[in-house]
file protein_29.txt (compact mmCIF, C-alpha atoms and all ligand atoms)
# COMPACT_ATOMS: atom_id res chain seq x y z
CA MET X 1 95.96 125.83 100.59
CA ILE X 2 95.33 123.35 103.36
CA ILE X 3 95.54 119.68 102.45
CA ALA X 4 94.51 117.37 105.27
CA ALA X 5 94.39 113.60 105.70
CA ASN X 6 92.03 112.01 108.19
CA LEU X 7 93.40 108.50 108.65
CA LYS X 8 90.41 107.53 110.85
CA THR X 9 90.80 104.03 112.39
CA ASN X 10 93.55 103.01 109.99
CA LEU X 11 97.32 102.57 110.02
CA THR X 12 99.26 101.36 113.04
CA ARG X 13 101.88 103.57 114.67
CA LYS X 14 104.63 101.98 112.58
CA GLU X 15 102.61 102.46 109.38
CA THR X 16 101.74 106.03 110.34
CA ASN X 17 105.39 106.86 110.94
CA GLU X 18 106.28 105.50 107.51
CA TYR X 19 103.37 107.40 106.00
CA LEU X 20 104.46 110.69 107.56
CA LYS X 21 108.01 110.15 106.29
CA GLU X 22 106.71 109.51 102.78
CA ILE X 23 104.60 112.66 102.79
CA GLU X 24 107.30 114.84 104.30
CA SER X 25 109.94 113.65 101.91
CA PHE X 26 107.64 114.42 98.95
CA VAL X 27 106.78 117.88 100.27
CA THR X 28 110.40 118.83 100.99
CA SER X 29 111.86 117.36 97.80
CA LYS X 30 109.39 119.37 95.69
CA ASN X 31 109.61 122.49 97.86
CA LEU X 32 105.84 122.50 98.31
CA THR X 33 104.52 125.32 100.45
CA GLN X 34 101.00 124.03 101.16
CA GLU X 35 99.85 123.53 104.75
CA VAL X 36 99.72 119.76 105.20
CA LEU X 37 97.83 118.22 108.12
CA VAL X 38 97.60 114.55 109.05
CA PHE X 39 95.23 113.14 111.68
CA PRO X 40 96.41 109.65 112.71
CA ALA X 41 94.51 107.19 114.89
CA MET X 42 94.99 108.02 118.58
CA SER X 43 97.32 105.12 119.37
CA SER X 44 99.44 106.01 116.35
CA LEU X 45 100.45 109.39 117.75
CA ASP X 46 104.18 109.55 118.31
CA HIS X 47 107.19 111.83 118.74
CA ASN X 48 107.29 112.80 115.10
CA ASP X 49 110.08 115.09 114.06
CA THR X 50 108.31 116.31 110.93
CA SER X 51 107.29 119.48 109.15
CA ILE X 52 103.85 117.96 108.55
CA ILE X 53 101.28 119.18 111.09
CA VAL X 54 100.06 116.17 113.05
CA GLY X 55 96.69 116.55 114.77
CA ALA X 56 94.37 114.48 116.95
CA GLN X 57 91.08 113.19 115.53
CA ASN X 58 89.40 113.88 118.86
CA ALA X 59 90.22 114.76 122.44
CA TYR X 60 88.17 115.22 125.57
CA ALA X 61 87.81 118.65 127.16
CA THR X 62 90.09 117.84 130.05
CA ARG X 63 93.70 117.91 131.08
CA ASP X 64 93.39 114.38 132.52
CA GLY X 65 91.03 112.57 134.88
CA ALA X 66 88.44 109.78 134.99
CA PHE X 67 87.04 109.61 131.45
CA THR X 68 87.51 106.01 130.39
CA GLY X 69 88.41 105.60 126.76
CA GLU X 70 89.18 109.28 126.20
CA ILE X 71 92.43 111.19 125.92
CA GLY X 72 93.10 114.65 127.30
CA LEU X 73 95.52 117.51 127.02
CA VAL X 74 98.43 115.73 128.72
CA HIS X 75 98.33 113.02 126.05
CA LEU X 76 98.49 115.60 123.28
CA GLU X 77 101.21 117.59 125.03
CA GLU X 78 103.35 114.47 125.28
CA PHE X 79 103.59 114.53 121.48
CA ALA X 80 103.56 118.34 121.10
CA ILE X 81 100.20 118.18 119.33
CA LYS X 82 98.49 121.55 118.96
CA THR X 83 95.85 120.66 116.37
CA VAL X 84 92.54 118.90 116.88
CA LEU X 85 89.62 117.81 114.71
CA ILE X 86 86.26 118.52 116.34
CA GLY X 87 82.77 117.51 115.21
CA HIS X 88 83.61 115.00 112.51
CA SER X 89 80.41 113.45 111.20
CA GLU X 90 81.45 110.01 112.41
CA ARG X 91 81.72 111.39 115.94
CA ARG X 92 78.42 113.20 115.62
CA HIS X 93 76.43 110.45 113.93
CA ILE X 94 78.09 107.15 114.88
CA LEU X 95 79.40 108.05 118.34
CA GLY X 96 76.50 110.34 119.19
CA GLU X 97 78.39 113.50 120.17
CA THR X 98 76.02 116.39 120.68
CA GLN X 99 76.54 120.01 119.69
CA GLU X 100 76.79 120.83 123.40
CA GLU X 101 79.64 118.37 123.91
CA LEU X 102 81.42 119.65 120.82
CA VAL X 103 81.14 123.22 122.03
CA LYS X 104 82.79 122.20 125.32
CA LYS X 105 85.68 120.64 123.43
CA PHE X 106 85.91 123.60 121.10
CA ASN X 107 86.09 126.12 123.94
CA TYR X 108 88.57 124.06 125.91
CA TYR X 109 91.03 123.68 123.04
CA LYS X 110 90.42 127.23 121.82
CA GLU X 111 91.46 128.59 125.22
CA LEU X 112 94.70 126.66 124.77
CA GLY X 113 95.26 128.18 121.34
CA PHE X 114 94.91 124.93 119.39
CA LYS X 115 94.39 124.92 115.66
CA ILE X 116 90.86 123.53 115.38
CA VAL X 117 89.44 121.87 112.30
CA TYR X 118 85.72 122.02 112.98
CA CYS X 119 83.50 119.85 110.78
CA VAL X 120 79.98 120.56 109.59
CA GLY X 121 77.78 118.86 107.01
CA GLU X 122 74.30 117.60 106.34
CA PRO X 123 72.95 114.05 106.19
CA LEU X 124 71.08 112.94 103.06
CA ASP X 125 67.57 113.61 104.37
CA LYS X 126 68.49 117.23 105.07
CA ARG X 127 69.97 117.64 101.61
CA GLU X 128 66.87 116.14 100.05
CA ALA X 129 64.65 118.45 102.10
CA GLY X 130 65.86 121.41 100.02
CA LYS X 131 68.42 124.16 100.28
CA SER X 132 66.89 126.21 103.07
CA GLU X 133 66.39 123.24 105.40
CA MET X 134 69.86 122.01 104.57
CA MET X 135 71.45 125.39 105.33
CA GLU X 136 69.42 125.63 108.53
CA TYR X 137 70.83 122.27 109.62
CA ILE X 138 74.40 123.30 108.83
CA THR X 139 73.84 126.62 110.62
CA SER X 140 72.75 124.70 113.73
CA GLN X 141 76.20 123.11 113.77
CA TYR X 142 77.72 126.57 114.21
CA ALA X 143 75.77 127.12 117.44
CA GLY X 144 78.09 128.03 120.30
CA ILE X 145 81.18 128.03 118.07
CA ASP X 146 83.35 131.15 117.98
CA THR X 147 83.47 131.61 114.22
CA GLU X 148 85.99 134.42 114.57
CA TYR X 149 88.55 132.25 116.37
CA GLU X 150 91.86 132.95 114.65
CA ASN X 151 93.01 129.32 114.57
CA LEU X 152 89.77 127.96 113.20
CA ILE X 153 89.49 125.96 110.01
CA ILE X 154 86.03 124.80 108.91
CA ALA X 155 85.61 121.50 107.05
CA TYR X 156 82.39 121.13 105.09
CA GLU X 157 81.74 117.39 104.75
CA PRO X 158 78.29 116.27 103.59
CA VAL X 159 77.61 113.09 105.57
CA TRP X 160 76.23 111.26 102.54
CA ALA X 161 79.42 111.97 100.58
CA ILE X 162 81.79 110.48 103.16
CA GLY X 163 83.22 107.15 102.09
CA THR X 164 80.49 106.64 99.48
CA GLY X 165 82.14 107.78 96.26
CA LEU X 166 79.34 110.34 95.91
CA THR X 167 79.99 114.07 95.91
CA PRO X 168 77.85 117.15 95.47
CA SER X 169 78.24 118.80 92.06
CA LEU X 170 81.10 121.27 91.79
CA GLU X 171 78.52 124.02 91.57
CA ASP X 172 76.89 122.86 94.82
CA ILE X 173 80.23 122.72 96.63
CA GLU X 174 81.02 126.26 95.50
CA ASP X 175 77.56 127.51 96.47
CA ILE X 176 77.68 126.03 99.96
CA HIS X 177 81.23 127.21 100.59
CA THR X 178 80.22 130.69 99.49
CA ALA X 179 77.26 130.63 101.87
CA LEU X 180 79.51 129.40 104.70
CA LYS X 181 82.04 132.16 104.02
CA ALA X 182 79.37 134.62 105.08
CA LYS X 183 79.36 133.03 108.54
CA SER X 184 83.09 133.11 109.16
CA THR X 185 86.32 134.26 107.59
CA ALA X 186 87.97 130.95 108.51
CA PRO X 187 89.38 128.87 105.65
CA ILE X 188 86.93 126.18 104.49
CA LEU X 189 88.00 122.71 103.41
CA TYR X 190 85.78 120.40 101.41
CA GLY X 191 85.65 116.72 102.47
CA GLY X 192 83.70 113.71 101.24
CA SER X 193 84.94 111.28 98.56
CA VAL X 194 87.79 113.48 97.44
CA LYS X 195 90.02 111.34 95.23
CA VAL X 196 93.07 111.92 93.11
CA THR X 197 90.65 112.07 90.14
CA ASN X 198 88.49 114.96 91.43
CA ALA X 199 90.79 116.79 93.88
CA LYS X 200 92.08 119.29 91.36
CA GLU X 201 88.66 120.48 90.22
CA VAL X 202 87.45 120.75 93.80
CA LEU X 203 90.56 122.71 94.83
CA ALA X 204 90.06 125.07 91.91
CA LEU X 205 86.62 126.17 93.13
CA LYS X 206 86.00 129.61 94.56
CA ASN X 207 85.91 129.66 98.38
CA VAL X 208 87.45 126.20 98.65
CA ASP X 209 90.62 126.70 100.68
CA GLY X 210 91.64 123.07 100.83
CA ILE X 211 90.46 119.49 101.24
CA LEU X 212 90.02 116.97 104.05
CA VAL X 213 90.61 113.52 102.62
CA GLY X 214 89.73 110.16 104.19
CA SER X 215 90.07 106.88 102.30
CA ALA X 216 92.02 108.20 99.31
CA ALA X 217 94.62 109.71 101.64
CA LEU X 218 95.53 106.24 102.87
CA TYR X 219 97.48 105.88 99.64
CA GLY X 220 100.47 108.08 100.37
CA GLU X 221 101.17 108.71 96.71
CA HIS X 222 97.59 109.83 96.06
CA PHE X 223 97.71 112.22 99.00
CA CYS X 224 101.05 113.56 97.70
CA SER X 225 99.52 114.16 94.26
CA MET X 226 96.73 116.17 95.86
CA ILE X 227 99.27 118.37 97.66
CA ALA X 228 101.03 118.89 94.34
CA PHE X 229 97.71 119.85 92.65
CA ALA X 230 97.17 122.54 95.27
CA GLN X 231 100.66 123.87 94.62
CA GLU X 232 100.06 123.94 90.84
CA LEU X 233 96.82 125.84 91.29
CA GLU X 234 98.49 128.38 93.53
CA VAL X 235 101.24 129.21 91.08
CA GLN X 236 98.80 129.51 88.16
P1 LIG C 1 86.34 109.98 102.54
O1 LIG C 1 87.39 110.79 101.83
O2 LIG C 1 86.73 108.55 102.74
O3 LIG C 1 85.00 110.15 101.90
O4 LIG C 1 86.22 110.59 104.01
C1 LIG C 1 86.13 111.97 104.16
C2 LIG C 1 86.27 112.30 105.58
O5 LIG C 1 85.47 111.92 106.40
C3 LIG C 1 87.43 113.11 105.99
O6 LIG C 1 87.31 113.55 107.29

call {"tool": "encode", "arguments": {"input": "protein_29.txt", "output": "structure tokens"}}
result
Amino acid sequence: MIIAANLKTNLTRKETNEYLKEIESFVTSKNLTQEVLVFPAMSSLDHNDTSIIVGAQNAYATRDGAFTGEIGLVHLEEFAIKTVLIGHSERRHILGETQEELVKKFNYYKELGFKIVYCVGEPLDKREAGKSEMMEYITSQYAGIDTEYENLIIAYEPVWAIGTGLTPSLEDIEDIHTALKAKSTAPILYGGSVKVTNAKEVLALKNVDGILVGSAALYGEHFCSMIAFAQELEVQ
């Protein structure tokens, strides 16, 4: 399974380096074989000699150039980063990134062979509008995206579940993941208020191939426990 931590705007470079060491030492000491991804804040990227896959939370569709406040390919190459998160709800809804802009990023990093974790998910009003409107909204987030890209991972993160402590029911998560599987064979992670207390039941669901964890992942030991849960479920 794929167990991913989105550290968002948290942890300095020093703290991130310590965090990565903690996670790696847990994974290696227990011989865990899960795919573990960590997305640090941009300025916390570093030359990490680690078996954990480190990715960027965002990057502009450029090698370099005049795009104030953005980073490009050269900045990722400096740290041998080959994984990028695209379309996170905070980028869509707080920073106003459009589907068109996301498609540009997607295509740029796809051409370079990056592993892309592409996020989709509905805001509360779309959920409350009923299943067909909700699915229509999520489908619109697939527009222009090559769903057959071999290095694609989808993350389904309902906007209203992110950082709120609320989650869809387990049945709902399974239903939506099953519907999304019909659109793409890519693995699908669930994200949105995953905690050490619910991670195992979420991971056990059909068509859930992993989790993308925000706040709870900031506690290294909690994130480690979630990796161990995935391992337990796999050997069962
Ligand atoms: P929380 O786990 O804090 O709800 O955040 C989820 C998320 O946005 C991961 O990308």

call {"tool": "closest_residue", "arguments": {"input": "protein_29.txt", "among": "X:Ile23, X:Ile53, X:Ala66, X:Leu32", "to": "Phe229 (chain X)", "atoms": "only C-alpha atoms"}}
result
X:Leu32

call {"tool": "closest_residue", "arguments": {"input": "protein_29.txt", "among": "X:Ala161, X:Leu170, X:Ile154, X:Leu233", "to": "ligand LIG 1 (chain C)", "atoms": "all atoms listed in the file"}}
result
X:Ala161

call {"tool": "residues_near_ligand", "arguments": {"input": "protein_29.txt", "ligand": "ligand LIG 1 (chain C)", "cutoff": "9 Å", "atoms": "only C-alpha atoms and all ligand atoms", "output": "PDB file with C-alpha atoms, in the frame of the given file"}}
result
ATOM      1  CA  ALA X   4      94.510 117.370 105.270  1.00  0.00           C
ATOM      2  CA  ALA X   5      94.390 113.600 105.700  1.00  0.00           C
ATOM      3  CA  ASN X   6      92.030 112.010 108.190  1.00  0.00           C
ATOM      4  CA  LEU X   7      93.400 108.500 108.650  1.00  0.00           C
ATOM      5  CA  LYS X   8      90.410 107.530 110.850  1.00  0.00           C
ATOM      6  CA  LEU X  85      89.620 117.810 114.710  1.00  0.00           C
ATOM      7  CA  HIS X  88      83.610 115.000 112.510  1.00  0.00           C
ATOM      8  CA  SER X  89      80.410 113.450 111.200  1.00  0.00           C
ATOM      9  CA  GLU X  90      81.450 110.010 112.410  1.00  0.00           C
ATOM     10  CA  CYS X 119      83.500 119.850 110.780  1.00  0.00           C
ATOM     11  CA  ALA X 155      85.610 121.500 107.050  1.00  0.00           C
ATOM     12  CA  GLU X 157      81.740 117.390 104.750  1.00  0.00           C
ATOM     13  CA  PRO X 158      78.290 116.270 103.590  1.00  0.00           C
ATOM     14  CA  VAL X 159      77.610 113.090 105.570  1.00  0.00           C
ATOM     15  CA  TRP X 160      76.230 111.260 102.540  1.00  0.00           C
ATOM     16  CA  ALA X 161      79.420 111.970 100.580  1.00  0.00           C
ATOM     17  CA  ILE X 162      81.790 110.480 103.160  1.00  0.00           C
ATOM     18  CA  GLY X 163      83.220 107.150 102.090  1.00  0.00           C
ATOM     19  CA  THR X 164      80.490 106.640  99.480  1.00  0.00           C
ATOM     20  CA  GLY X 165      82.140 107.780  96.260  1.00  0.00           C
ATOM     21  CA  LEU X 166      79.340 110.340  95.910  1.00  0.00           C
ATOM     22  CA  THR X 167      79.990 114.070  95.910  1.00  0.00           C
ATOM     23  CA  TYR X 190      85.780 120.400 101.410  1.00  0.00           C
ATOM     24  CA  GLY X 191      85.650 116.720 102.470  1.00  0.00           C
ATOM     25  CA  GLY X 192      83.700 113.710 101.240  1.00  0.00           C
ATOM     26  CA  SER X 193      84.940 111.280  98.560  1.00  0.00           C
ATOM     27  CA  VAL X 194      87.790 113.480  97.440  1.00  0.00           C
ATOM     28  CA  LYS X 195      90.020 111.340  95.230  1.00  0.00           C
ATOM     29  CA  ILE X 211      90.460 119.490 101.240  1.00  0.00           C
ATOM     30  CA  LEU X 212      90.020 116.970 104.050  1.00  0.00           C
ATOM     31  CA  VAL X 213      90.610 113.520 102.620  1.00  0.00           C
ATOM     32  CA  GLY X 214      89.730 110.160 104.190  1.00  0.00           C
ATOM     33  CA  SER X 215      90.070 106.880 102.300  1.00  0.00           C
ATOM     34  CA  ALA X 216      92.020 108.200  99.310  1.00  0.00           C
ATOM     35  CA  ALA X 217      94.620 109.710 101.640  1.00  0.00           C
TER      36      ALA X 217
END

call {"tool": "residues_around", "arguments": {"input": "protein_29.txt", "residues": "Gly69 (chain X)", "least_positions_apart": "2", "cutoff": "12 Å", "atoms": "only C-alpha atoms", "output": "VMD selection string"}}
result
chain X and resid 42 to 43 58 to 60 64 to 67 71 to 72

call {"tool": "write_last_selection", "arguments": {"input": "protein_29.txt", "atoms": "C-alpha atoms", "output": "JSON list (two decimals), keeping the file's coordinate frame"}}
result
[["chain", "number", "residue", "atom", "x", "y", "z"],
["X", 42, "MET", "CA", 94.99, 108.02, 118.58],
["X", 43, "SER", "CA", 97.32, 105.12, 119.37],
["X", 58, "ASN", "CA", 89.40, 113.88, 118.86],
["X", 59, "ALA", "CA", 90.22, 114.76, 122.44],
["X", 60, "TYR", "CA", 88.17, 115.22, 125.57],
["X", 64, "ASP", "CA", 93.39, 114.38, 132.52],
["X", 65, "GLY", "CA", 91.03, 112.57, 134.88],
["X", 66, "ALA", "CA", 88.44, 109.78, 134.99],
["X", 67, "PHE", "CA", 87.04, 109.61, 131.45],
["X", 71, "ILE", "CA", 92.43, 111.19, 125.92],
["X", 72, "GLY", "CA", 93.10, 114.65, 127.30]]

call {"tool": "residues_near_point", "arguments": {"input": "protein_29.txt", "point": "(86.9, 124.0, 122.0)", "cutoff": "10 Å", "atoms": "all atoms listed in the file", "output": "list in words"}}
result
Ala59, Tyr60, Ala61, Val84, Leu85, Ile86, Glu101, Leu102, Val103, Lys104, Lys105, Phe106, Asn107, Tyr108, Tyr109, Lys110, Glu111, Leu112, Gly113, Phe114, Lys115, Ile116, Tyr118, Gly144, Ile145 and Asp146 of chain X

call {"tool": "write_last_selection", "arguments": {"input": "protein_29.txt", "atoms": "C-alpha atoms", "output": "PDB file, in the coordinates of the input"}}
result
ATOM      1  CA  ALA X  59      90.220 114.760 122.440  1.00  0.00           C
ATOM      2  CA  TYR X  60      88.170 115.220 125.570  1.00  0.00           C
ATOM      3  CA  ALA X  61      87.810 118.650 127.160  1.00  0.00           C
ATOM      4  CA  VAL X  84      92.540 118.900 116.880  1.00  0.00           C
ATOM      5  CA  LEU X  85      89.620 117.810 114.710  1.00  0.00           C
ATOM      6  CA  ILE X  86      86.260 118.520 116.340  1.00  0.00           C
ATOM      7  CA  GLU X 101      79.640 118.370 123.910  1.00  0.00           C
ATOM      8  CA  LEU X 102      81.420 119.650 120.820  1.00  0.00           C
ATOM      9  CA  VAL X 103      81.140 123.220 122.030  1.00  0.00           C
ATOM     10  CA  LYS X 104      82.790 122.200 125.320  1.00  0.00           C
ATOM     11  CA  LYS X 105      85.680 120.640 123.430  1.00  0.00           C
ATOM     12  CA  PHE X 106      85.910 123.600 121.100  1.00  0.00           C
ATOM     13  CA  ASN X 107      86.090 126.120 123.940  1.00  0.00           C
ATOM     14  CA  TYR X 108      88.570 124.060 125.910  1.00  0.00           C
ATOM     15  CA  TYR X 109      91.030 123.680 123.040  1.00  0.00           C
ATOM     16  CA  LYS X 110      90.420 127.230 121.820  1.00  0.00           C
ATOM     17  CA  GLU X 111      91.460 128.590 125.220  1.00  0.00           C
ATOM     18  CA  LEU X 112      94.700 126.660 124.770  1.00  0.00           C
ATOM     19  CA  GLY X 113      95.260 128.180 121.340  1.00  0.00           C
ATOM     20  CA  PHE X 114      94.910 124.930 119.390  1.00  0.00           C
ATOM     21  CA  LYS X 115      94.390 124.920 115.660  1.00  0.00           C
ATOM     22  CA  ILE X 116      90.860 123.530 115.380  1.00  0.00           C
ATOM     23  CA  TYR X 118      85.720 122.020 112.980  1.00  0.00           C
ATOM     24  CA  GLY X 144      78.090 128.030 120.300  1.00  0.00           C
ATOM     25  CA  ILE X 145      81.180 128.030 118.070  1.00  0.00           C
ATOM     26  CA  ASP X 146      83.350 131.150 117.980  1.00  0.00           C
TER      27      ASP X 146
END

call {"tool": "atom_distance", "arguments": {"input": "protein_29.txt", "atom1": "CA of Leu73 (chain X)", "atom2": "CA of Tyr156 (chain X)"}}
result
25.8 Å

call {"tool": "closest_residue", "arguments": {"input": "protein_29.txt", "among": "X:Ile153, X:Pro40, X:Ile3, X:Ala56", "to": "Glu15 (chain X)", "atoms": "only C-alpha atoms"}}
result
X:Pro40

call {"tool": "atom_distance", "arguments": {"input": "protein_29.txt", "atom1": "CA of Ser169 (chain X)", "atom2": "CA of Arg92 (chain X)"}}
result
24.2 Å

call {"tool": "closest_residue", "arguments": {"input": "protein_29.txt", "among": "X:Val74, X:Met226, X:Ile2, X:Ala182", "to": "Thr197 (chain X)", "atoms": "only C-alpha atoms"}}
result
X:Met226

call {"tool": "atom_distance", "arguments": {"input": "protein_29.txt", "atom1": "CA of Glu150 (chain X)", "atom2": "CA of Leu203 (chain X)"}}
result
22.3 Å

call {"tool": "closest_residue", "arguments": {"input": "protein_29.txt", "among": "X:Glu171, X:Glu234, X:Glu221, X:Glu100", "to": "Val27 (chain X)", "atoms": "all atoms listed in the file"}}
result
X:Glu221

call {"tool": "closest_residue", "arguments": {"input": "protein_29.txt", "among": "X:Gln236, X:Gln34, X:Ser44, X:Gln231", "to": "Leu20 (chain X)", "atoms": "only C-alpha atoms"}}
result
X:Ser44

call {"tool": "residues_near_point", "arguments": {"input": "protein_29.txt", "point": "(107.1, 112.8, 117.2)", "cutoff": "10 Å", "atoms": "all atoms listed in the file", "output": "list in words"}}
result
Asn17, Leu45, Asp46, His47, Asn48, Asp49, Thr50, Val54, Glu78, Phe79, Ala80 and Ile81 of chain X
